[in-house]
$ cat final-v7.pdb   # PDB, C-alpha atoms and all ligand atoms
ATOM      1  CA  MET B 126       0.000   0.000   0.000
ATOM      2  CA  SER B 127       2.892   2.360   0.702
ATOM      3  CA  SER B 128       3.697   2.907  -2.977
ATOM      4  CA  LEU B 129       0.147   4.181  -3.399
ATOM      5  CA  THR B 130       0.202   6.518  -0.468
ATOM      6  CA  PRO B 131      -1.685   9.671  -1.423
ATOM      7  CA  ILE B 132       0.534  11.913   0.617
ATOM      8  CA  ASP B 133       3.525  11.617  -1.653
ATOM      9  CA  PRO B 134       4.996  15.017  -2.543
ATOM     10  CA  THR B 135       5.900  13.873  -6.021
ATOM     11  CA  ARG B 136       2.255  13.522  -6.914
ATOM     12  CA  CYS B 137       1.445  17.207  -6.451
ATOM     13  CA  GLN B 138       1.535  17.684 -10.206
ATOM     14  CA  PRO B 139      -0.961  20.339 -11.207
ATOM     15  CA  PHE B 140       0.701  23.302  -9.609
ATOM     16  CA  ASP B 141       4.028  25.030 -10.112
ATOM     17  CA  ALA B 142       6.140  23.683  -7.270
ATOM     18  CA  GLY B 143       8.820  26.327  -7.832
ATOM     19  CA  GLN B 144       6.528  29.101  -6.711
ATOM     20  CA  THR B 145       6.799  30.100  -3.052
ATOM     21  CA  ASP B 146       3.282  31.293  -2.256
ATOM     22  CA  VAL B 147       0.324  29.113  -3.066
ATOM     23  CA  ILE B 148      -2.313  31.766  -2.280
ATOM     24  CA  THR B 149      -1.926  35.493  -2.682
ATOM     25  CA  VAL B 150      -4.816  37.757  -1.737
ATOM     26  CA  ARG B 151      -4.568  41.490  -2.391
ATOM     27  CA  ASN B 152      -7.015  44.214  -1.335
ATOM     28  CA  LEU B 153      -9.982  41.852  -1.220
ATOM     29  CA  CYS B 154     -13.311  43.538  -0.456
ATOM     30  CA  LYS B 155     -16.756  42.038  -0.053
ATOM     31  CA  SER B 156     -19.879  43.731   1.287
ATOM     32  CA  PHE B 157     -23.349  42.430   1.989
ATOM     33  CA  ASN B 158     -26.064  45.082   1.968
ATOM     34  CA  THR B 159     -23.431  47.831   2.047
ATOM     35  CA  ARG B 160     -21.829  46.321   5.179
ATOM     36  CA  ALA B 161     -18.155  45.506   4.611
ATOM     37  CA  VAL B 162     -17.537  41.871   5.576
ATOM     38  CA  LEU B 163     -14.072  41.693   4.014
ATOM     39  CA  ASP B 164     -12.361  45.054   4.080
ATOM     40  CA  ASP B 165      -9.139  45.406   2.093
ATOM     41  CA  VAL B 166      -7.812  41.972   3.027
ATOM     42  CA  SER B 167      -4.274  41.108   1.893
ATOM     43  CA  PHE B 168      -2.168  38.092   2.877
ATOM     44  CA  SER B 169      -0.164  35.228   1.410
ATOM     45  CA  ILE B 170      -0.012  31.517   2.190
ATOM     46  CA  PRO B 171       3.339  29.839   1.591
ATOM     47  CA  ARG B 172       3.465  26.523  -0.200
ATOM     48  CA  GLY B 173       3.513  23.420   1.985
ATOM     49  CA  LYS B 174       2.448  25.138   5.212
ATOM     50  CA  PHE B 175      -0.358  24.580   7.664
ATOM     51  CA  VAL B 176      -1.953  27.994   8.098
ATOM     52  CA  VAL B 177      -4.725  28.603  10.621
ATOM     53  CA  LEU B 178      -7.330  31.313  10.150
ATOM     54  CA  LEU B 179      -8.566  32.690  13.478
ATOM     55  CA  GLY B 180     -10.968  35.391  14.541
ATOM     56  CA  PRO B 181     -14.217  36.048  16.346
ATOM     57  CA  SER B 182     -17.500  34.825  14.972
ATOM     58  CA  GLY B 183     -18.705  37.014  12.113
ATOM     59  CA  GLY B 184     -15.166  38.185  11.348
ATOM     60  CA  GLY B 185     -15.383  37.017   7.733
ATOM     61  CA  LYS B 186     -13.566  33.651   7.746
ATOM     62  CA  SER B 187     -16.207  31.654   5.858
ATOM     63  CA  THR B 188     -16.780  34.558   3.486
ATOM     64  CA  LEU B 189     -13.057  34.522   2.725
ATOM     65  CA  PHE B 190     -13.174  30.779   1.970
ATOM     66  CA  ARG B 191     -16.134  31.358  -0.346
ATOM     67  CA  CYS B 192     -14.299  34.154  -2.157
ATOM     68  CA  LEU B 193     -11.184  31.990  -2.558
ATOM     69  CA  THR B 194     -13.236  29.450  -4.473
ATOM     70  CA  ARG B 195     -15.578  31.998  -6.063
ATOM     71  CA  LEU B 196     -18.637  30.469  -4.434
ATOM     72  CA  ILE B 197     -19.351  34.138  -3.936
ATOM     73  CA  GLU B 198     -17.971  36.934  -6.083
ATOM     74  CA  PRO B 199     -15.677  39.434  -4.389
ATOM     75  CA  ASP B 200     -16.530  43.105  -5.000
ATOM     76  CA  SER B 201     -12.923  44.004  -5.703
ATOM     77  CA  GLY B 202      -9.376  42.850  -5.144
ATOM     78  CA  HIS B 203      -7.174  40.133  -6.504
ATOM     79  CA  ILE B 204      -6.878  36.435  -5.626
ATOM     80  CA  SER B 205      -4.122  34.357  -7.118
ATOM     81  CA  ILE B 206      -3.802  30.636  -6.432
ATOM     82  CA  ASN B 207      -0.746  28.999  -7.907
ATOM     83  CA  ASN B 208      -0.181  31.936 -10.153
ATOM     84  CA  THR B 209      -3.684  31.707 -11.595
ATOM     85  CA  THR B 210      -5.897  34.724 -11.099
ATOM     86  CA  ILE B 211      -9.012  33.133  -9.631
ATOM     87  CA  THR B 212     -10.979  36.339  -9.939
ATOM     88  CA  GLY B 213     -10.625  36.100 -13.726
ATOM     89  CA  LEU B 214     -11.515  32.456 -14.438
ATOM     90  CA  ASP B 215     -14.391  31.542 -16.750
ATOM     91  CA  ALA B 216     -16.828  28.773 -15.722
ATOM     92  CA  GLY B 217     -14.846  25.917 -17.328
ATOM     93  CA  ALA B 218     -11.522  26.984 -15.857
ATOM     94  CA  LEU B 219     -13.190  27.540 -12.491
ATOM     95  CA  ASN B 220     -14.499  23.957 -12.453
ATOM     96  CA  GLU B 221     -11.048  22.661 -13.340
ATOM     97  CA  PHE B 222      -9.522  24.746 -10.541
ATOM     98  CA  ARG B 223     -12.105  23.570  -7.978
ATOM     99  CA  ARG B 224     -11.411  19.964  -8.899
ATOM    100  CA  GLN B 225      -7.892  20.441  -7.588
ATOM    101  CA  VAL B 226      -8.880  21.945  -4.253
ATOM    102  CA  GLY B 227      -9.859  19.743  -1.328
ATOM    103  CA  PHE B 228     -12.673  21.185   0.794
ATOM    104  CA  ILE B 229     -13.316  20.099   4.352
ATOM    105  CA  PHE B 230     -16.319  21.449   6.225
ATOM    106  CA  GLN B 231     -17.627  21.458   9.765
ATOM    107  CA  GLN B 232     -20.414  19.034   8.888
ATOM    108  CA  PHE B 233     -18.266  16.622   6.835
ATOM    109  CA  ASN B 234     -20.539  16.786   3.731
ATOM    110  CA  LEU B 235     -20.493  13.051   3.102
ATOM    111  CA  VAL B 236     -23.199  11.016   1.386
ATOM    112  CA  LYS B 237     -24.371   9.212   4.493
ATOM    113  CA  ARG B 238     -25.790   6.086   2.870
ATOM    114  CA  LEU B 239     -22.635   5.446   0.822
ATOM    115  CA  SER B 240     -19.587   3.636   2.133
ATOM    116  CA  ALA B 241     -16.461   5.479   3.220
ATOM    117  CA  LEU B 242     -14.755   4.186   0.076
ATOM    118  CA  ASP B 243     -17.508   5.459  -2.241
ATOM    119  CA  ASN B 244     -17.374   8.847  -0.569
ATOM    120  CA  VAL B 245     -13.637   9.036  -1.227
ATOM    121  CA  LEU B 246     -14.126   7.826  -4.799
ATOM    122  CA  ALA B 247     -16.457  10.774  -5.328
ATOM    123  CA  ALA B 248     -13.272  12.858  -5.482
ATOM    124  CA  ARG B 249     -12.395  11.006  -8.687
ATOM    125  CA  LEU B 250     -15.721  11.754 -10.417
ATOM    126  CA  GLY B 251     -14.266  14.763 -12.181
ATOM    127  CA  TYR B 252     -11.613  12.495 -13.689
ATOM    128  CA  THR B 253     -14.019   9.717 -14.719
ATOM    129  CA  SER B 254     -16.105   9.495 -17.898
ATOM    130  CA  THR B 255     -19.796  10.312 -17.452
ATOM    131  CA  LEU B 256     -20.925   6.760 -18.195
ATOM    132  CA  ARG B 257     -18.442   5.202 -15.786
ATOM    133  CA  ALA B 258     -19.370   7.792 -13.186
ATOM    134  CA  LEU B 259     -23.084   7.049 -13.608
ATOM    135  CA  LEU B 260     -22.429   3.341 -13.209
ATOM    136  CA  ARG B 261     -19.949   4.072 -10.409
ATOM    137  CA  ARG B 262     -17.358   2.047 -12.332
ATOM    138  CA  PHE B 263     -14.133   3.514 -11.113
ATOM    139  CA  SER B 264     -10.784   2.381 -12.469
ATOM    140  CA  LYS B 265      -8.644  -0.015 -10.491
ATOM    141  CA  SER B 266      -6.090   2.729  -9.928
ATOM    142  CA  ASP B 267      -8.774   5.082  -8.580
ATOM    143  CA  ARG B 268      -9.972   2.391  -6.168
ATOM    144  CA  GLN B 269      -6.402   1.727  -5.043
ATOM    145  CA  LEU B 270      -5.819   5.421  -4.589
ATOM    146  CA  ALA B 271      -9.032   5.799  -2.554
ATOM    147  CA  LEU B 272      -8.075   2.855  -0.335
ATOM    148  CA  ALA B 273      -4.591   4.299   0.148
ATOM    149  CA  CYS B 274      -6.144   7.643   1.122
ATOM    150  CA  LEU B 275      -8.362   5.907   3.687
ATOM    151  CA  ASP B 276      -5.329   4.012   4.936
ATOM    152  CA  SER B 277      -3.414   7.266   5.406
ATOM    153  CA  VAL B 278      -6.127   8.568   7.763
ATOM    154  CA  GLY B 279      -6.327   5.238   9.626
ATOM    155  CA  LEU B 280      -9.634   4.062   8.163
ATOM    156  CA  LEU B 281      -8.773   1.179   5.875
ATOM    157  CA  GLU B 282     -10.780  -1.212   8.032
ATOM    158  CA  GLN B 283     -13.859   1.011   7.735
ATOM    159  CA  ALA B 284     -13.646   1.349   3.934
ATOM    160  CA  TYR B 285     -16.890  -0.553   3.314
ATOM    161  CA  GLN B 286     -18.794   0.840   6.272
ATOM    162  CA  LYS B 287     -21.610   3.291   5.507
ATOM    163  CA  ALA B 288     -20.694   6.882   6.354
ATOM    164  CA  GLN B 289     -23.751   7.246   8.605
ATOM    165  CA  THR B 290     -22.450   4.468  10.864
ATOM    166  CA  LEU B 291     -19.081   6.141  11.423
ATOM    167  CA  SER B 292     -18.313   8.415  14.367
ATOM    168  CA  GLY B 293     -17.980  12.150  13.759
ATOM    169  CA  GLY B 294     -14.200  11.958  13.959
ATOM    170  CA  GLN B 295     -14.142   9.067  11.502
ATOM    171  CA  GLN B 296     -16.465  10.915   9.114
ATOM    172  CA  GLN B 297     -14.195  13.934   9.149
ATOM    173  CA  ARG B 298     -11.230  11.682   8.378
ATOM    174  CA  VAL B 299     -13.177  10.268   5.407
ATOM    175  CA  ALA B 300     -13.646  13.866   4.242
ATOM    176  CA  ILE B 301      -9.888  14.408   4.543
ATOM    177  CA  ALA B 302      -9.206  11.194   2.626
ATOM    178  CA  ARG B 303     -11.555  12.492  -0.073
ATOM    179  CA  ALA B 304      -9.555  15.736  -0.216
ATOM    180  CA  PHE B 305      -6.313  13.730  -0.549
ATOM    181  CA  ALA B 306      -7.857  11.669  -3.353
ATOM    182  CA  GLN B 307      -8.370  14.797  -5.413
ATOM    183  CA  GLN B 308      -4.584  14.837  -5.792
ATOM    184  CA  GLY B 309      -4.423  18.576  -5.905
ATOM    185  CA  GLU B 310      -2.213  20.422  -3.512
ATOM    186  CA  LEU B 311      -4.435  22.853  -1.674
ATOM    187  CA  ILE B 312      -6.780  21.966   1.165
ATOM    188  CA  LEU B 313      -9.282  24.490   2.511
ATOM    189  CA  ALA B 314     -10.876  23.488   5.800
ATOM    190  CA  ASP B 315     -13.577  25.688   7.369
ATOM    191  CA  GLU B 316     -13.925  24.765  11.054
ATOM    192  CA  PRO B 317     -13.168  21.070  10.518
ATOM    193  CA  ILE B 318     -13.128  20.229  14.230
ATOM    194  CA  SER B 319     -16.088  22.255  15.514
ATOM    195  CA  SER B 320     -18.295  19.251  16.081
ATOM    196  CA  LEU B 321     -15.598  16.839  17.270
ATOM    197  CA  ASP B 322     -14.472  15.798  20.732
ATOM    198  CA  PRO B 323     -10.975  16.843  21.909
ATOM    199  CA  GLU B 324      -9.267  13.583  20.930
ATOM    200  CA  SER B 325     -10.780  13.477  17.439
ATOM    201  CA  SER B 326      -9.975  17.169  17.020
ATOM    202  CA  GLU B 327      -6.299  16.586  17.725
ATOM    203  CA  ASN B 328      -6.322  13.587  15.436
ATOM    204  CA  VAL B 329      -7.723  15.631  12.541
ATOM    205  CA  LEU B 330      -5.243  18.484  13.112
ATOM    206  CA  GLN B 331      -2.345  16.029  13.269
ATOM    207  CA  ILE B 332      -3.385  14.569   9.928
ATOM    208  CA  LEU B 333      -3.662  18.015   8.338
ATOM    209  CA  GLN B 334      -0.338  19.123   9.811
ATOM    210  CA  ARG B 335       1.317  15.966   8.528
ATOM    211  CA  ALA B 336      -0.202  16.521   5.094
ATOM    212  CA  ALA B 337       1.565  19.887   4.997
ATOM    213  CA  ARG B 338       4.861  18.870   6.617
ATOM    214  CA  GLU B 339       5.439  15.556   4.939
ATOM    215  CA  SER B 340       3.423  15.640   1.755
ATOM    216  CA  GLY B 341       3.558  19.124   0.346
ATOM    217  CA  PHE B 342      -0.094  20.022   0.806
ATOM    218  CA  SER B 343      -0.817  23.656   1.559
ATOM    219  CA  VAL B 344      -3.575  23.851   4.150
ATOM    220  CA  LEU B 345      -5.701  26.834   5.150
ATOM    221  CA  CYS B 346      -7.875  25.890   8.109
ATOM    222  CA  SER B 347     -10.182  28.057  10.205
ATOM    223  CA  LEU B 348     -10.484  27.273  13.906
ATOM    224  CA  HIS B 349     -12.028  28.716  17.055
ATOM    225  CA  GLN B 350      -9.681  26.763  19.301
ATOM    226  CA  VAL B 351      -6.805  29.191  19.829
ATOM    227  CA  ASP B 352      -4.654  26.821  21.903
ATOM    228  CA  LEU B 353      -4.788  24.200  19.184
ATOM    229  CA  ALA B 354      -4.063  26.821  16.529
ATOM    230  CA  VAL B 355      -0.939  27.934  18.365
ATOM    231  CA  ARG B 356       0.222  24.346  18.788
ATOM    232  CA  TYR B 357      -0.328  23.183  15.228
ATOM    233  CA  ALA B 358      -0.052  26.171  12.887
ATOM    234  CA  ASP B 359       3.041  27.184  10.953
ATOM    235  CA  GLN B 360       1.394  30.553  10.394
ATOM    236  CA  ILE B 361      -1.641  32.274  11.889
ATOM    237  CA  VAL B 362      -3.797  34.757  10.001
ATOM    238  CA  ALA B 363      -6.510  36.452  12.049
ATOM    239  CA  LEU B 364      -9.523  38.369  10.797
ATOM    240  CA  LYS B 365     -11.449  40.805  12.950
ATOM    241  CA  HIS B 366     -14.331  42.914  11.623
ATOM    242  CA  GLY B 367     -13.328  41.821   8.136
ATOM    243  CA  ARG B 368      -9.788  43.155   8.354
ATOM    244  CA  ILE B 369      -6.476  41.392   8.816
ATOM    245  CA  PHE B 370      -5.732  41.749  12.512
ATOM    246  CA  PHE B 371      -2.671  39.476  12.715
ATOM    247  CA  ASP B 372      -0.443  37.646  10.257
ATOM    248  CA  GLY B 373       2.566  35.872  11.680
ATOM    249  CA  THR B 374       3.977  32.857  13.456
ATOM    250  CA  SER B 375       2.453  31.053  16.430
ATOM    251  CA  ASP B 376       5.300  32.395  18.581
ATOM    252  CA  ASP B 377       4.294  35.954  17.773
ATOM    253  CA  PHE B 378       0.655  35.244  18.536
ATOM    254  CA  ASN B 379       1.121  36.143  22.191
ATOM    255  CA  ALA B 380      -1.357  36.661  25.018
ATOM    256  CA  ASN B 381      -1.843  40.353  24.193
ATOM    257  CA  VAL B 382      -2.672  39.674  20.555
ATOM    258  CA  ARG B 383      -5.021  36.913  21.597
ATOM    259  CA  GLU B 384      -6.854  39.070  24.083
ATOM    260  CA  GLU B 385      -7.228  41.967  21.677
ATOM    261  CA  LEU B 386      -8.430  39.695  18.906
ATOM    262  CA  TYR B 387     -11.284  38.285  20.931
ATOM    263  CA  ASN B 388     -12.116  41.152  23.288
ATOM    264  CA  ALA B 389     -15.208  43.349  23.044
ATOM    265  CA  VAL B 390     -16.470  43.205  19.514
ATOM    266  CA  LYS B 391     -17.546  46.690  18.457
ATOM    267  CA  VAL B 392     -21.212  47.147  17.622
TER     268      VAL B 392
HETATM  269  N1  LIG B 401     -24.840  35.766   2.008
HETATM  270  C1  LIG B 401     -24.785  36.665   2.985
HETATM  271  N2  LIG B 401     -25.659  37.689   3.043
HETATM  272  C2  LIG B 401     -25.600  38.631   4.009
HETATM  273  N3  LIG B 401     -24.676  38.620   4.992
HETATM  274  C3  LIG B 401     -23.783  37.613   4.996
HETATM  275  C4  LIG B 401     -23.790  36.601   4.003
HETATM  276  N4  LIG B 401     -22.765  35.731   4.275
HETATM  277  C5  LIG B 401     -22.168  36.211   5.387
HETATM  278  N5  LIG B 401     -22.770  37.330   5.822
HETATM  279  C6  LIG B 401     -22.384  38.107   6.997
HETATM  280  O1  LIG B 401     -21.008  38.338   6.926
HETATM  281  C7  LIG B 401     -20.429  38.343   8.229
HETATM  282  C8  LIG B 401     -19.256  37.378   8.241
HETATM  283  O2  LIG B 401     -19.771  36.054   8.173
HETATM  284  P1  LIG B 401     -18.822  34.784   8.092
HETATM  285  O3  LIG B 401     -19.711  33.611   7.986
HETATM  286  O4  LIG B 401     -17.818  34.995   7.015
HETATM  287  O5  LIG B 401     -18.102  34.863   9.504
HETATM  288  P2  LIG B 401     -17.157  33.786  10.191
HETATM  289  O6  LIG B 401     -15.897  34.498  10.560
HETATM  290  O7  LIG B 401     -17.037  32.597   9.326
HETATM  291  O8  LIG B 401     -17.968  33.463  11.510
HETATM  292  P3  LIG B 401     -18.037  32.056  12.334
HETATM  293  O9  LIG B 401     -16.753  32.007  13.117
HETATM  294  O10 LIG B 401     -19.213  32.239  13.234
HETATM  295  O11 LIG B 401     -18.196  30.946  11.372
HETATM  296  C9  LIG B 401     -21.546  37.989   9.195
HETATM  297  O12 LIG B 401     -22.008  39.152   9.767
HETATM  298  C10 LIG B 401     -22.601  37.364   8.309
HETATM  299  O13 LIG B 401     -23.872  37.585   8.804
HETATM  300 MG    MG B 402     -17.590  30.612   9.502
END
$ encode --input "final-v7.pdb" --output "structure tokens"
Amino acid sequence: MSSLTPIDPTRCQPFDAGQTDVITVRNLCKSFNTRAVLDDVSFSIPRGKFVVLLGPSGGGKSTLFRCLTRLIEPDSGHISINNTTITGLDAGALNEFRRQVGFIFQQFNLVKRLSALDNVLAARLGYTSTLRALLRRFSKSDRQLALACLDSVGLLEQAYQKAQTLSGGQQQRVAIARAFAQQGELILADEPISSLDPESSENVLQILQRAARESGFSVLCSLHQVDLAVRYADQIVALKHGRIFFDGTSDDFNANVREELYNAVKV
């Protein structure tokens, strides 16, 4: 199984590995009903790092994720992911780009009545002919890849178990395996541990950290658990009232910064 391991840096093919930053955001603005939710946001995410996005509720984290993938349209600003200007992609190019990005959500977003394996294979749908996809006839290599991805998150034994019978922590690991199976390089995780117990939370963060450290994935992950962020992140970016409040290392994210970030939210 080891030769098929999905977290092999050599398989990060689609993107330009020579480039230092995987995401560059410049002067990003987004308003809803004239209220600025993202206000002149600029930051960069280096390749192969585990970056945690922090900030009080309503600060704009999920809106930022949606702008990064153009699930919502920014009002202005520039987003570049692997040297491609996301803000300028047409529908076809946008689909191709999204196929290479692994998304992990708070509520796992699995098809509950399908097995763990079938949920991971869903990541290969974009690479499978329509007829094969309709018949769920995946290639042998796709099945091997999906099994290897489940193995890498410790769920090989549960491959044929229905998603709805797995624990929350296991379901989130299936979602991570699905992101690995996309064989892109970028993983975006919006509050992936919010509904997990402490042990499962640590487990998920360890897997994501390892994906960055050992396998060349670039991970942007929002969290509300500051202690865990400080322990696991290579870099912390914090949003408050839609503006960048902090961008630096965990060491620099000291008690003062922490207190100011979360203290009295202005009305
Ligand atoms: N489609 C929308 N229409 C109107 N307002 C929106 C929309 N989406 C988000 N907002 C508002 O934008 C602000 C930022 O929301 P967002 O979900 O990005 O915050 P967040 O940092 O992810 O918060 P949380 O930590 O609670 O998940 C909130 O005030 C929210 O109500
Ligand atoms: Mg959110």
$ residues_near_ligand --input "final-v7.pdb" --ligand "ligand LIG 401 (chain B)" --cutoff "10 Å" --atoms "all atoms listed in the file" --output "short mmCIF file (atom, residue, chain, number, x, y, z; two decimals) with C-alpha atoms, keeping the file's coordinate frame"
data_model
loop_
_atom_site.label_atom_id
_atom_site.label_comp_id
_atom_site.auth_asym_id
_atom_site.auth_seq_id
_atom_site.Cartn_x
_atom_site.Cartn_y
_atom_site.Cartn_z
CA LYS B 155 -16.76 42.04 -0.05
CA SER B 156 -19.88 43.73 1.29
CA PHE B 157 -23.35 42.43 1.99
CA ASN B 158 -26.06 45.08 1.97
CA THR B 159 -23.43 47.83 2.05
CA ARG B 160 -21.83 46.32 5.18
CA ALA B 161 -18.16 45.51 4.61
CA VAL B 162 -17.54 41.87 5.58
CA LEU B 163 -14.07 41.69 4.01
CA LEU B 178 -7.33 31.31 10.15
CA LEU B 179 -8.57 32.69 13.48
CA GLY B 180 -10.97 35.39 14.54
CA PRO B 181 -14.22 36.05 16.35
CA SER B 182 -17.50 34.83 14.97
CA GLY B 183 -18.70 37.01 12.11
CA GLY B 184 -15.17 38.18 11.35
CA GLY B 185 -15.38 37.02 7.73
CA LYS B 186 -13.57 33.65 7.75
CA SER B 187 -16.21 31.65 5.86
CA THR B 188 -16.78 34.56 3.49
CA LEU B 189 -13.06 34.52 2.72
CA PHE B 190 -13.17 30.78 1.97
CA ARG B 191 -16.13 31.36 -0.35
CA CYS B 192 -14.30 34.15 -2.16
CA ILE B 197 -19.35 34.14 -3.94
CA GLN B 231 -17.63 21.46 9.76
CA ASP B 315 -13.58 25.69 7.37
CA GLU B 316 -13.92 24.76 11.05
CA SER B 319 -16.09 22.26 15.51
CA SER B 347 -10.18 28.06 10.20
CA LEU B 348 -10.48 27.27 13.91
CA HIS B 349 -12.03 28.72 17.06
CA ALA B 363 -6.51 36.45 12.05
CA LEU B 364 -9.52 38.37 10.80
CA LYS B 365 -11.45 40.80 12.95
CA HIS B 366 -14.33 42.91 11.62
CA GLY B 367 -13.33 41.82 8.14
#
$ resolve_selection --input "final-v7.pdb" --expression "the PyMOL selection byres (((chain B and resi 359) around 6) and not hetatm)" --output "list of chain:residue names"
B:Phe175, B:Val176, B:Ala358, B:Gln360
$ write_last_selection --input "final-v7.pdb" --atoms "C-alpha atoms" --output "PDB file, keeping the file's coordinate frame"
ATOM      1  CA  PHE B 175      -0.358  24.580   7.664  1.00  0.00           C
ATOM      2  CA  VAL B 176      -1.953  27.994   8.098  1.00  0.00           C
ATOM      3  CA  ALA B 358      -0.052  26.171  12.887  1.00  0.00           C
ATOM      4  CA  GLN B 360       1.394  30.553  10.394  1.00  0.00           C
TER       5      GLN B 360
END
$ resolve_selection --input "final-v7.pdb" --expression "the PyMOL selection byres (((chain B and resi 284-289) around 6) and not hetatm)" --output "number ranges by chain"
B: 237-242, 281-283, 290-291
$ closest_residue --input "final-v7.pdb" --among "B:Leu196, B:Ala218, B:Ala302, B:Cys346" --to "ligand MG 402 (chain B)" --atoms "only C-alpha atoms and all ligand atoms"
B:Cys346
$ closest_residue --input "final-v7.pdb" --among "B:Pro171, B:Gly373, B:Gly341, B:Pro317" --to "ligand MG 402 (chain B)" --atoms "all atoms listed in the file"
B:Pro317
$ closest_residue --input "final-v7.pdb" --among "B:Ile369, B:Ala300, B:Leu311, B:Ala306" --to "Gln232 in chain B" --atoms "all atoms listed in the file"
B:Ala300
$ closest_residue --input "final-v7.pdb" --among "B:Phe230, B:Val351, B:Glu198, B:Arg268" --to "ligand MG 402 (chain B)" --atoms "all atoms listed in the file"
B:Phe230
$ residues_around --input "final-v7.pdb" --residues "Val150 in chain B" --least-positions-apart "2" --cutoff "8 Å" --atoms "only C-alpha atoms" --output "list in words"
Ile148, Asn152, Leu153, Val166, Ser167, Phe168, Ser169, Gly202, His203, Ile204 and Ser205 of chain B
$ atom_distance --input "final-v7.pdb" --atom1 "CA of Asp165 in chain B" --atom2 "CA of Leu214 in chain B"
21.1 Å
$ closest_residue --input "final-v7.pdb" --among "B:Phe342, B:Leu193, B:Asn234, B:Gly309" --to "Leu219 in chain B" --atoms "only C-alpha atoms"
B:Leu193
$ atom_distance --input "final-v7.pdb" --atom1 "CA of Ala314 in chain B" --atom2 "CA of Ala380 in chain B"
25.2 Å
$ atom_distance --input "final-v7.pdb" --atom1 "CA of Phe305 in chain B" --atom2 "CA of Ile170 in chain B"
19.1 Å
$ decode --input "final-v7.pdb" --residues "range 365-380 of chain B" --atoms "N, CA and C atoms" --output "PDB file, in the first residue's frame"
ATOM      1  N   LYS B 365     -10.519  40.211  11.983  1.00  0.00           N
ATOM      2  CA  LYS B 365     -11.449  40.805  12.950  1.00  0.00           C
ATOM      3  C   LYS B 365     -12.194  41.927  12.238  1.00  0.00           C
ATOM      4  N   HIS B 366     -13.503  41.938  12.340  1.00  0.00           N
ATOM      5  CA  HIS B 366     -14.331  42.914  11.623  1.00  0.00           C
ATOM      6  C   HIS B 366     -13.955  42.985  10.148  1.00  0.00           C
ATOM      7  N   GLY B 367     -13.602  41.851   9.579  1.00  0.00           N
ATOM      8  CA  GLY B 367     -13.328  41.821   8.136  1.00  0.00           C
ATOM      9  C   GLY B 367     -11.967  42.339   7.731  1.00  0.00           C
ATOM     10  N   ARG B 368     -11.128  42.659   8.691  1.00  0.00           N
ATOM     11  CA  ARG B 368      -9.788  43.155   8.354  1.00  0.00           C
ATOM     12  C   ARG B 368      -8.736  42.203   8.910  1.00  0.00           C
ATOM     13  N   ILE B 369      -7.577  42.192   8.276  1.00  0.00           N
ATOM     14  CA  ILE B 369      -6.476  41.392   8.816  1.00  0.00           C
ATOM     15  C   ILE B 369      -6.013  42.030  10.122  1.00  0.00           C
ATOM     16  N   PHE B 370      -6.111  41.247  11.185  1.00  0.00           N
ATOM     17  CA  PHE B 370      -5.732  41.749  12.512  1.00  0.00           C
ATOM     18  C   PHE B 370      -4.328  41.257  12.880  1.00  0.00           C
ATOM     19  N   PHE B 371      -3.979  40.059  12.402  1.00  0.00           N
ATOM     20  CA  PHE B 371      -2.671  39.476  12.715  1.00  0.00           C
ATOM     21  C   PHE B 371      -2.267  38.563  11.571  1.00  0.00           C
ATOM     22  N   ASP B 372      -0.979  38.569  11.261  1.00  0.00           N
ATOM     23  CA  ASP B 372      -0.443  37.646  10.257  1.00  0.00           C
ATOM     24  C   ASP B 372       0.995  37.354  10.672  1.00  0.00           C
ATOM     25  N   GLY B 373       1.217  36.171  11.214  1.00  0.00           N
ATOM     26  CA  GLY B 373       2.566  35.872  11.680  1.00  0.00           C
ATOM     27  C   GLY B 373       2.670  34.454  12.197  1.00  0.00           C
ATOM     28  N   THR B 374       3.748  34.204  12.944  1.00  0.00           N
ATOM     29  CA  THR B 374       3.977  32.857  13.456  1.00  0.00           C
ATOM     30  C   THR B 374       3.207  32.636  14.760  1.00  0.00           C
ATOM     31  N   SER B 375       3.105  31.383  15.154  1.00  0.00           N
ATOM     32  CA  SER B 375       2.453  31.053  16.430  1.00  0.00           C
ATOM     33  C   SER B 375       3.186  31.716  17.587  1.00  0.00           C
ATOM     34  N   ASP B 376       4.515  31.788  17.496  1.00  0.00           N
ATOM     35  CA  ASP B 376       5.300  32.395  18.581  1.00  0.00           C
ATOM     36  C   ASP B 376       4.919  33.858  18.783  1.00  0.00           C
ATOM     37  N   ASP B 377       4.642  34.533  17.678  1.00  0.00           N
ATOM     38  CA  ASP B 377       4.294  35.954  17.773  1.00  0.00           C
ATOM     39  C   ASP B 377       2.845  36.182  18.204  1.00  0.00           C
ATOM     40  N   PHE B 378       2.062  35.110  18.136  1.00  0.00           N
ATOM     41  CA  PHE B 378       0.655  35.244  18.536  1.00  0.00           C
ATOM     42  C   PHE B 378       0.587  35.129  20.061  1.00  0.00           C
ATOM     43  N   ASN B 379       0.979  36.201  20.731  1.00  0.00           N
ATOM     44  CA  ASN B 379       1.121  36.143  22.191  1.00  0.00           C
ATOM     45  C   ASN B 379      -0.205  36.464  22.898  1.00  0.00           C
ATOM     46  N   ALA B 380      -0.137  36.477  24.219  1.00  0.00           N
ATOM     47  CA  ALA B 380      -1.357  36.661  25.018  1.00  0.00           C
ATOM     48  C   ALA B 380      -2.042  37.989  24.722  1.00  0.00           C
TER      49      ALA B 380
END
